[in-house]
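> I have a structure here, written as structure tokens, and I will follow up with some questions on it.
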Amino acid sequence: MSHIDLMAGPPPTHLPVDPATAELEAGAAPSDVVRRHPESPAAWAALAGQAQEQGADDVTVYAYARVGYHRSLDLLRRNGWKGHGPVPWEHEPNRGFLRALALLASSAQAIGESAEWERCSTFLRDSSQAAYDELLG
């Protein structure tokens with residue numbers, strides 16, 4: 001008879017490969033990739049990251065990151081995530097979500113939305129300490 005560990009948390013979520021990632025890695029412009037893959041967290045995170053690198057207004061970065069975050073929540077839920085649990089950085093398809101979340105946290109901080117900074121940075125750390133260390137640490 002097997003026993004169930006009632007104290008164990010949910011299993012890690014491993015998202016499927018995002019087709020937008022290959023296009024981004026090949027050098028496609030994030031805005032073009034978003035147009036082809038508007039459901040892609042990686043594309044929205046890339047667009048937010050590009051905007052941030054180019055000195056766009058923090059509100060613009062926040063808006064792009066927020067779209068990526070919400071697209072990520074949809075994708076996470078479709079792949080068995082129940083609102084908590086690990087989303088490992090080591091699994092490359094998870095990185096679009098994790099990057100969007102980190103960009104949302106940092107842009108929230110930049111516009112003075114401290115409660116959102118706290119919520120998102122804690123969510124990132126709870127999802128993946130490695131992602132937190134890489135992206136915000």
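We label chains A, B, ... in the order they appear in the structure tokens, count residues from 1 in each chain, and number ligands from 1 in the order shown.
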Can you pull out every residue from range 13-84 of chain A that DSSP, working from the backbone, puts in helix (DSSP H, G or I), and format the result as a VMD selection string?
chain A and resid 19 to 25 30 to 36 41 to 53 58 to 78
> So that I can check the surroundings of range 26-37 of chain A, please list as an NGL selection string every protein, DNA and RNA residue that reaches within 12 Å of it, counting only C-alpha atoms and ignoring chain neighbours fewer than 2 positions away.
:A and (18-24 or 39-51 or 64 or 67-68 or 71)
> Quick one, how far is CA of Ser121 in chain A from CA of Gly55 in chain A?
21.9 Å
> CA of Gly85 in chain A and CA of Ala108 in chain A, how far apart in Å?
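Atom-to-atom, CA of Ala108 in chain A and CA of Gly85 in chain A are spaced 23.0 Å apart.
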> Please report the interatomic distance between CA of Lys82 in chain A and CA of Arg95 in chain A in Å with one decimal.
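It comes out at 18.4 Å.
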> Considering only C-alpha atoms, can you say which of A:Ala110, A:Leu73, A:Leu124, A:Glu134 comes closest to Gln52 in chain A?
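That would be A:Ala110, the residue with the smallest distance to Gln52 in chain A.
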> For Cys120 in chain A, work out the shell of residues within 7 Å, counting only C-alpha atoms and skipping chain neighbours fewer than 4 positions away, then give it as JSON, numbers by chain.
{"A": [101, 105, 116, 124]}
> Have a look at A:Val87, A:Leu15, A:Val59, A:Leu75 and name the one nearest to Glu113 in chain A; count only C-alpha atoms.
A:Val59
> Rank A:Thr122, A:Gln129, A:Ser72, A:Gln54 by their smallest atom-to-atom distance to Ala100 in chain A, using only C-alpha atoms, and report the top residue only.
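Closest to Ala100 in chain A of all the choices is A:Ser72.
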> Give the answer as one residue: which of A:Ala102, A:Pro93, A:Gly112, A:Ser107 has the shortest atom-to-atom distance to Tyr132 in chain A, using only C-alpha atoms?
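Smallest distance to Tyr132 in chain A is found for A:Ala102.
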> I'd like the contact shell of Asp58 in chain A - 7 Å cut-off, only C-alpha atoms, skipping same-chain residues fewer than 2 positions apart - returned as a PyMOL selection string.
chain A and resi 56+60-62+107+110-111
> Of the residues A:Gly9, A:Pro38, A:Asp133, A:Ser128, which is the one nearest to His91 in chain A, using only C-alpha atoms?
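Using only C-alpha atoms, His91 in chain A sits closest to A:Ser128.
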> Return the single residue from A:Arg77, A:Leu136, A:Glu92, A:Glu53 that is closest to Trp117 in chain A, with distances computed using only C-alpha atoms.
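Residue with the minimum atom-to-atom distance to Trp117 in chain A: A:Leu136.
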